[in-house]
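Participant: One structure coming up, written as structure tokens, with questions to follow.
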Amino acid sequence: MLEDLKQIAAQAEQRIRAARDAAALEQARIEFLGRKGGLLTKALQGLGKLPADQRPAAGQLANQVRAQIESLLTNRADEIEAQERQARLAAEMLDVTLPGRCQRVGTRHPVTQVMDDLKRIAIGMGFEVVESPDVDTYYHNFQALNYATDHPAMDEQDSFYLTDTVLLRTQTSTSQIREMGRRQPPVRVVCIGRCHRRETVDIRRGHTFHQFEGFQVDRGITFADLKGTLAVFVRELFGPETQIQFRPDFFPFTEPSADYSVTCSLCKGEGCDLCKHSGWLEIGGCGMIHPNVLRNVGYDPEQMSGWAFGLGIDRLAQQRFQIGDMRLFYGSDLRFLRQFN
């Protein structure tokens, strides 16, 4: 019996010292001290079968073996915990001598930069900056702007209708009707907003784009005032050497009407795909506000006159940053967007 206990103690010490983790140590504890099937537990259960004179010595040795095994288990558990802690610390250790990793700072989108500059220029010229809704009515978008009932722009194939009388605005000219309808001249207002048309997406246009609308109504306003105002805007944006070209055009809400272009910054007037090899890049339309539009908002066209213009902000951003494809503005290529600080 005594030899068996000594052998159990030796085996237990060997198994406990060989345990590499908490799970292996628990298996060793169960093997020797488990209530069901533990080697020492079985040995203790056999004490009652020993002769009476051998029981005290065997019992004393059995208690010593139990205490020894429990002590070994405790010490080994502490060692394993210390080793695991050391491994975690080594894995989490920071090398303070390594160079730091800088956080990337976001930049303003090129279209946003142009919007902000247009606002700054407009405010400096005495304009009031207003907002108007992206979703508007047929009346504000077409009817009050003097569109004929059979005008192709009102067709479902050219505009995004939500209901028969509500649509995503196709132009920021809706702001003219809303603002002139609730104030009396003199009016000097600009509006920046998103517009939507069922266009084929290519390098010069998209189905969703941004416009900058400006208009002025007062007594004695002429086309010369419009030309001077536009000259200030484009030269503030692109530089004093920028040339402007006006060509007759037609818009239902202005008469006379014109579109206006600036020298293409991508090719410097030599001709490229962006400007259709003309050397000029069209950036908007303009004209004197049609008398019917003035009447629709309650103004007397015999007493008041005014002008209006609309700038394509995305086209301005193309011109300013010399971007050959407008689709790049709405992609997710960070290499492109990080160029604009």
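Labels used: A, B, ... for chains in the order of the structure tokens, numbers from 1 for residues in each chain, and numbers from 1 for ligands as shown.
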Taking 4 positions as the minimum chain separation for residues in the same chain, which residues sit within 12 Å of region 144-150 of chain A when counting only C-alpha atoms? Answer as an NGL selection string.

Facilitator: :A and (137-140 or 154-156 or 171-178 or 180-181 or 250-255 or 289-298 or 308)

Participant: What's around Ser305 (chain A) at 8 Å? Count only C-alpha atoms, leave out sequence neighbours fewer than 2 positions away in its own chain, and write the answer as a ChimeraX atom specification.

Facilitator: /A:217-222,288-289,301-303,307

Participant: Find the residue from A:Arg188, A:Cys267, A:Leu237, A:Thr163 that sits nearest to Gly126 (chain A); use only C-alpha atoms when measuring.

Facilitator: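 With only C-alpha atoms as the atom set, the closest residue is A:Arg188.
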
Participant: Identify, on the basis of only C-alpha atoms, every residue whose closest approach to region 192-196 of chain A does not exceed 8 Å; exclude the query and any residue fewer than 6 positions from it along the same chain; express the result as JSON, numbers by chain.

Facilitator: {"A": [115, 129, 130, 131, 132, 134, 159, 160, 168, 169, 170, 171, 172, 207, 208, 209, 210, 211, 212, 213]}

Participant: Write out as a PDB file with N, CA and C atoms, in the first residue's frame the residues lying within 10 Å of Met326 (chain A), counting only C-alpha atoms and excluding same-chain residues fewer than 3 positions away.

Facilitator:
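Okay, this is what ended up in out_25.pdb:
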```
ATOM      1  N   VAL A 201     -25.600  58.984 -69.451  1.00  0.00           N
ATOM      2  CA  VAL A 201     -24.389  59.387 -68.739  1.00  0.00           C
ATOM      3  C   VAL A 201     -23.184  59.273 -69.672  1.00  0.00           C
ATOM      4  N   ASP A 202     -22.416  60.368 -69.785  1.00  0.00           N
ATOM      5  CA  ASP A 202     -21.181  60.324 -70.573  1.00  0.00           C
ATOM      6  C   ASP A 202     -20.169  61.263 -69.930  1.00  0.00           C
ATOM      7  N   ILE A 203     -19.133  61.631 -70.667  1.00  0.00           N
ATOM      8  CA  ILE A 203     -18.050  62.417 -70.063  1.00  0.00           C
ATOM      9  C   ILE A 203     -18.466  63.839 -69.746  1.00  0.00           C
ATOM     10  N   ARG A 204     -19.584  64.321 -70.338  1.00  0.00           N
ATOM     11  CA  ARG A 204     -20.004  65.712 -70.151  1.00  0.00           C
ATOM     12  C   ARG A 204     -21.281  65.884 -69.351  1.00  0.00           C
ATOM     13  N   ARG A 205     -22.042  64.807 -69.129  1.00  0.00           N
ATOM     14  CA  ARG A 205     -23.344  64.974 -68.469  1.00  0.00           C
ATOM     15  C   ARG A 205     -23.710  63.711 -67.709  1.00  0.00           C
ATOM     16  N   GLY A 206     -24.706  63.874 -66.822  1.00  0.00           N
ATOM     17  CA  GLY A 206     -25.222  62.747 -66.051  1.00  0.00           C
ATOM     18  C   GLY A 206     -26.691  62.955 -65.749  1.00  0.00           C
ATOM     19  N   PHE A 209     -27.169  66.054 -61.435  1.00  0.00           N
ATOM     20  CA  PHE A 209     -26.128  67.064 -61.550  1.00  0.00           C
ATOM     21  C   PHE A 209     -26.497  68.257 -60.669  1.00  0.00           C
ATOM     22  N   LEU A 274     -13.521  66.915 -74.614  1.00  0.00           N
ATOM     23  CA  LEU A 274     -14.396  67.556 -73.642  1.00  0.00           C
ATOM     24  C   LEU A 274     -15.158  68.720 -74.266  1.00  0.00           C
ATOM     25  N   ASP A 314     -21.155  70.994 -62.078  1.00  0.00           N
ATOM     26  CA  ASP A 314     -20.276  69.873 -62.410  1.00  0.00           C
ATOM     27  C   ASP A 314     -19.380  70.229 -63.599  1.00  0.00           C
ATOM     28  N   ARG A 315     -19.968  70.926 -64.586  1.00  0.00           N
ATOM     29  CA  ARG A 315     -19.185  71.364 -65.740  1.00  0.00           C
ATOM     30  C   ARG A 315     -18.138  72.392 -65.322  1.00  0.00           C
ATOM     31  N   ALA A 317     -16.688  72.470 -62.400  1.00  0.00           N
ATOM     32  CA  ALA A 317     -15.633  71.723 -61.719  1.00  0.00           C
ATOM     33  C   ALA A 317     -14.724  71.036 -62.739  1.00  0.00           C
ATOM     34  N   GLN A 318     -15.315  70.505 -63.810  1.00  0.00           N
ATOM     35  CA  GLN A 318     -14.498  69.927 -64.878  1.00  0.00           C
ATOM     36  C   GLN A 318     -13.540  70.968 -65.439  1.00  0.00           C
ATOM     37  N   ILE A 323     -10.711  68.221 -65.596  1.00  0.00           N
ATOM     38  CA  ILE A 323     -11.110  66.813 -65.532  1.00  0.00           C
ATOM     39  C   ILE A 323     -11.801  66.450 -66.844  1.00  0.00           C
ATOM     40  N   PHE A 329     -16.278  62.282 -60.911  1.00  0.00           N
ATOM     41  CA  PHE A 329     -16.754  62.976 -59.715  1.00  0.00           C
ATOM     42  C   PHE A 329     -17.642  62.090 -58.849  1.00  0.00           C
ATOM     43  N   TYR A 330     -18.292  61.119 -59.452  1.00  0.00           N
ATOM     44  CA  TYR A 330     -19.268  60.314 -58.710  1.00  0.00           C
ATOM     45  C   TYR A 330     -18.826  58.866 -58.559  1.00  0.00           C
ATOM     46  N   GLY A 331     -17.555  58.612 -58.800  1.00  0.00           N
ATOM     47  CA  GLY A 331     -16.999  57.288 -58.552  1.00  0.00           C
ATOM     48  C   GLY A 331     -16.499  57.172 -57.132  1.00  0.00           C
TER      49      GLY A 331
END
```

Participant: Would you pick out the contacts of Leu25 (chain A) at 12 Å or less, using only C-alpha atoms, so that residues sharing its chain but fewer than 3 positions from it are not included, and give the list as a PyMOL selection string?

Facilitator: chain A and resi 12-22+28-33+69-70+72-81

Participant: Dump N, CA and C atoms for the selected residues as a CSV table (one decimal), in the first residue's frame?

Facilitator:
```csv
chain,number,residue,atom,x,y,z
A,12,ALA,N,2.0,11.5,-10.4
A,12,ALA,CA,1.3,12.8,-10.4
A,12,ALA,C,2.2,13.9,-10.6
A,13,GLU,N,3.4,13.9,-10.0
A,13,GLU,CA,4.3,15.0,-10.2
A,13,GLU,C,4.8,15.1,-11.6
A,14,GLN,N,5.0,13.9,-12.3
A,14,GLN,CA,5.4,13.9,-13.7
A,14,GLN,C,4.3,14.4,-14.6
A,15,ARG,N,3.1,14.0,-14.4
A,15,ARG,CA,2.0,14.5,-15.2
A,15,ARG,C,1.7,16.0,-15.0
A,16,ILE,N,1.8,16.4,-13.8
A,16,ILE,CA,1.5,17.8,-13.5
A,16,ILE,C,2.5,18.7,-14.1
A,17,ARG,N,3.8,18.4,-14.0
A,17,ARG,CA,4.8,19.2,-14.6
A,17,ARG,C,4.8,19.2,-16.1
A,18,ALA,N,4.3,18.1,-16.7
A,18,ALA,CA,4.2,18.0,-18.1
A,18,ALA,C,3.0,18.8,-18.7
A,19,ALA,N,2.1,19.2,-17.9
A,19,ALA,CA,0.9,20.0,-18.4
A,19,ALA,C,1.3,21.3,-19.0
A,20,ARG,N,0.8,21.6,-20.2
A,20,ARG,CA,1.2,22.8,-20.9
A,20,ARG,C,0.1,23.9,-20.9
A,21,ASP,N,-1.1,23.5,-20.5
A,21,ASP,CA,-2.2,24.5,-20.4
A,21,ASP,C,-3.1,24.1,-19.3
A,22,ALA,N,-4.1,25.0,-19.1
A,22,ALA,CA,-5.1,24.7,-18.0
A,22,ALA,C,-5.9,23.5,-18.2
A,28,ALA,N,-5.1,16.2,-15.4
A,28,ALA,CA,-4.2,15.5,-14.4
A,28,ALA,C,-4.9,15.5,-13.1
A,29,ARG,N,-5.5,16.6,-12.7
A,29,ARG,CA,-6.2,16.6,-11.4
A,29,ARG,C,-7.3,15.6,-11.3
A,30,ILE,N,-8.1,15.4,-12.4
A,30,ILE,CA,-9.1,14.4,-12.4
A,30,ILE,C,-8.6,13.0,-12.3
A,31,GLU,N,-7.4,12.8,-13.0
A,31,GLU,CA,-6.8,11.5,-13.0
A,31,GLU,C,-6.4,11.0,-11.7
A,32,PHE,N,-5.9,11.9,-10.8
A,32,PHE,CA,-5.4,11.5,-9.5
A,32,PHE,C,-6.3,11.9,-8.4
A,33,LEU,N,-7.1,13.0,-8.5
A,33,LEU,CA,-7.9,13.4,-7.3
A,33,LEU,C,-9.4,13.3,-7.6
A,69,ILE,N,0.1,16.6,-4.1
A,69,ILE,CA,-0.5,16.8,-5.4
A,69,ILE,C,-1.2,18.1,-5.5
A,70,GLU,N,-2.0,18.5,-4.5
A,70,GLU,CA,-2.7,19.8,-4.5
A,70,GLU,C,-1.7,20.9,-4.6
A,72,LEU,N,1.3,20.8,-6.0
A,72,LEU,CA,1.8,20.8,-7.3
A,72,LEU,C,0.9,21.4,-8.3
A,73,LEU,N,-0.4,21.1,-8.2
A,73,LEU,CA,-1.5,21.6,-9.1
A,73,LEU,C,-1.5,23.1,-9.0
A,74,THR,N,-1.5,23.6,-7.7
A,74,THR,CA,-1.6,25.1,-7.5
A,74,THR,C,-0.4,25.8,-8.1
A,75,ASN,N,0.8,25.3,-7.9
A,75,ASN,CA,2.0,25.9,-8.4
A,75,ASN,C,2.1,25.9,-9.9
A,76,ARG,N,1.6,24.7,-10.5
A,76,ARG,CA,1.7,24.6,-11.9
A,76,ARG,C,0.6,25.6,-12.6
A,77,ALA,N,-0.5,25.7,-11.9
A,77,ALA,CA,-1.5,26.6,-12.4
A,77,ALA,C,-1.0,28.0,-12.5
A,78,ASP,N,-0.3,28.4,-11.4
A,78,ASP,CA,0.3,29.8,-11.4
A,78,ASP,C,1.3,30.0,-12.5
A,79,GLU,N,2.1,28.9,-12.7
A,79,GLU,CA,3.1,29.0,-13.8
A,79,GLU,C,2.5,29.1,-15.1
A,80,ILE,N,1.5,28.3,-15.4
A,80,ILE,CA,0.8,28.4,-16.7
A,80,ILE,C,0.1,29.8,-16.9
A,81,GLU,N,-0.5,30.3,-15.9
A,81,GLU,CA,-1.1,31.6,-16.0
A,81,GLU,C,-0.1,32.7,-16.3
```

Participant: Nearest to Ala9 (chain A): which of A:Thr165, A:Gln60, A:Ser332, A:Gln68 is it, counting only C-alpha atoms?

Facilitator: A:Gln68

Participant: Per DSSP on the backbone, what are the alpha helix (DSSP H) residues of region 166-313 of chain A, as an mmCIF file with N, CA and C atoms, in the first residue's frame?

Facilitator:
```cif
data_model
loop_
_atom_site.group_PDB
_atom_site.id
_atom_site.type_symbol
_atom_site.label_atom_id
_atom_site.label_comp_id
_atom_site.auth_asym_id
_atom_site.auth_seq_id
_atom_site.Cartn_x
_atom_site.Cartn_y
_atom_site.Cartn_z
ATOM 1 N N THR A 174 -36.772 76.577 -60.822
ATOM 2 C CA THR A 174 -37.953 76.557 -59.953
ATOM 3 C C THR A 174 -37.828 77.576 -58.822
ATOM 4 N N SER A 175 -36.586 77.868 -58.421
ATOM 5 C CA SER A 175 -36.388 78.830 -57.332
ATOM 6 C C SER A 175 -36.850 80.231 -57.740
ATOM 7 N N GLN A 176 -36.801 80.542 -59.055
ATOM 8 C CA GLN A 176 -37.284 81.849 -59.510
ATOM 9 C C GLN A 176 -38.757 82.040 -59.135
ATOM 10 N N ILE A 177 -39.565 81.024 -59.452
ATOM 11 C CA ILE A 177 -40.998 81.136 -59.199
ATOM 12 C C ILE A 177 -41.266 81.222 -57.701
ATOM 13 N N ARG A 178 -40.590 80.385 -56.935
ATOM 14 C CA ARG A 178 -40.840 80.363 -55.487
ATOM 15 C C ARG A 178 -40.410 81.670 -54.826
ATOM 16 N N GLU A 179 -39.236 82.184 -55.187
ATOM 17 C CA GLU A 179 -38.716 83.375 -54.521
ATOM 18 C C GLU A 179 -39.405 84.648 -55.000
ATOM 19 N N MET A 180 -39.629 84.790 -56.297
ATOM 20 C CA MET A 180 -40.308 85.992 -56.787
ATOM 21 C C MET A 180 -41.768 86.004 -56.366
ATOM 22 N N PHE A 223 -29.706 93.398 -70.497
ATOM 23 C CA PHE A 223 -28.837 92.263 -70.805
ATOM 24 C C PHE A 223 -27.376 92.584 -70.481
ATOM 25 N N ALA A 224 -27.018 93.855 -70.567
ATOM 26 C CA ALA A 224 -25.649 94.252 -70.228
ATOM 27 C C ALA A 224 -25.332 93.948 -68.764
ATOM 28 N N ASP A 225 -26.324 94.114 -67.875
ATOM 29 C CA ASP A 225 -26.127 93.777 -66.464
ATOM 30 C C ASP A 225 -25.849 92.283 -66.307
ATOM 31 N N LEU A 226 -26.579 91.484 -67.097
ATOM 32 C CA LEU A 226 -26.379 90.031 -67.046
ATOM 33 C C LEU A 226 -24.981 89.663 -67.506
ATOM 34 N N LYS A 227 -24.538 90.211 -68.616
ATOM 35 C CA LYS A 227 -23.212 89.887 -69.138
ATOM 36 C C LYS A 227 -22.113 90.294 -68.155
ATOM 37 N N GLY A 228 -22.264 91.449 -67.555
ATOM 38 C CA GLY A 228 -21.263 91.886 -66.588
ATOM 39 C C GLY A 228 -21.208 90.991 -65.364
ATOM 40 N N THR A 229 -22.381 90.557 -64.892
ATOM 41 C CA THR A 229 -22.429 89.678 -63.722
ATOM 42 C C THR A 229 -21.778 88.337 -64.022
ATOM 43 N N LEU A 230 -22.105 87.755 -65.174
ATOM 44 C CA LEU A 230 -21.513 86.468 -65.541
ATOM 45 C C LEU A 230 -20.005 86.584 -65.723
ATOM 46 N N ALA A 231 -19.553 87.694 -66.275
ATOM 47 C CA ALA A 231 -18.113 87.883 -66.457
ATOM 48 C C ALA A 231 -17.388 87.859 -65.113
ATOM 49 N N VAL A 232 -17.973 88.485 -64.107
ATOM 50 C CA VAL A 232 -17.359 88.486 -62.778
ATOM 51 C C VAL A 232 -17.297 87.070 -62.224
ATOM 52 N N PHE A 233 -18.386 86.322 -62.359
ATOM 53 C CA PHE A 233 -18.425 84.962 -61.812
ATOM 54 C C PHE A 233 -17.344 84.078 -62.441
ATOM 55 N N VAL A 234 -17.309 84.008 -63.760
ATOM 56 C CA VAL A 234 -16.395 83.064 -64.406
ATOM 57 C C VAL A 234 -14.937 83.501 -64.253
ATOM 58 N N ARG A 235 -14.673 84.782 -64.231
ATOM 59 C CA ARG A 235 -13.288 85.223 -64.092
ATOM 60 C C ARG A 235 -12.800 85.090 -62.657
ATOM 61 N N GLU A 236 -13.710 85.193 -61.698
ATOM 62 C CA GLU A 236 -13.332 84.911 -60.312
ATOM 63 C C GLU A 236 -13.001 83.422 -60.143
ATOM 64 N N LEU A 237 -13.717 82.568 -60.872
ATOM 65 C CA LEU A 237 -13.490 81.126 -60.760
ATOM 66 C C LEU A 237 -12.257 80.661 -61.520
ATOM 67 N N PHE A 238 -12.088 81.149 -62.766
ATOM 68 C CA PHE A 238 -11.072 80.590 -63.649
ATOM 69 C C PHE A 238 -9.894 81.509 -63.913
ATOM 70 N N PRO A 291 -41.579 87.975 -70.085
ATOM 71 C CA PRO A 291 -42.699 88.713 -69.479
ATOM 72 C C PRO A 291 -43.772 87.803 -68.898
ATOM 73 N N ASN A 292 -44.028 86.652 -69.533
ATOM 74 C CA ASN A 292 -45.046 85.747 -68.997
ATOM 75 C C ASN A 292 -44.657 85.207 -67.619
ATOM 76 N N VAL A 293 -43.353 84.968 -67.416
ATOM 77 C CA VAL A 293 -42.893 84.500 -66.102
ATOM 78 C C VAL A 293 -43.088 85.596 -65.064
ATOM 79 N N LEU A 294 -42.797 86.818 -65.425
ATOM 80 C CA LEU A 294 -43.014 87.934 -64.497
ATOM 81 C C LEU A 294 -44.490 88.061 -64.141
ATOM 82 N N ARG A 295 -45.348 87.885 -65.135
ATOM 83 C CA ARG A 295 -46.789 87.963 -64.849
ATOM 84 C C ARG A 295 -47.225 86.820 -63.927
ATOM 85 N N ASN A 296 -46.644 85.628 -64.116
ATOM 86 C CA ASN A 296 -47.032 84.470 -63.304
ATOM 87 C C ASN A 296 -46.724 84.657 -61.821
ATOM 88 N N ILE A 313 -22.723 73.294 -62.319
ATOM 89 C CA ILE A 313 -21.605 73.279 -61.370
ATOM 90 C C ILE A 313 -20.640 72.148 -61.680
#
```

Participant: Using Å and a single decimal, report how far CA of Val262 (chain A) sits from CA of Ile283 (chain A).

Facilitator: 7.3 Å

Participant: How would you write, as number ranges by chain, the set of residues in region 91-318 of chain A that DSSP gives as strand (DSSP E)?

Facilitator: A: 128-130, 135-137, 166-168, 187-196, 208-218, 244-251, 254-263, 280-289, 305-312

Participant: Find the residue from A:Phe215, A:Gly100, A:Thr112, A:Val166 that sits nearest to Val135 (chain A); use only C-alpha atoms when measuring.

Facilitator: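 Of A:Phe215, A:Gly100, A:Thr112, A:Val166, the one nearest Val135 (chain A) is A:Val166, counting only C-alpha atoms.
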
Participant: Between A:Leu167, A:Ala122, A:Cys264, A:Leu162, which one has atoms that come closest to Asp136 (chain A), using only C-alpha atoms?

Facilitator: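 Nearest candidate to Asp136 (chain A) out of A:Leu167, A:Ala122, A:Cys264, A:Leu162: A:Leu167.
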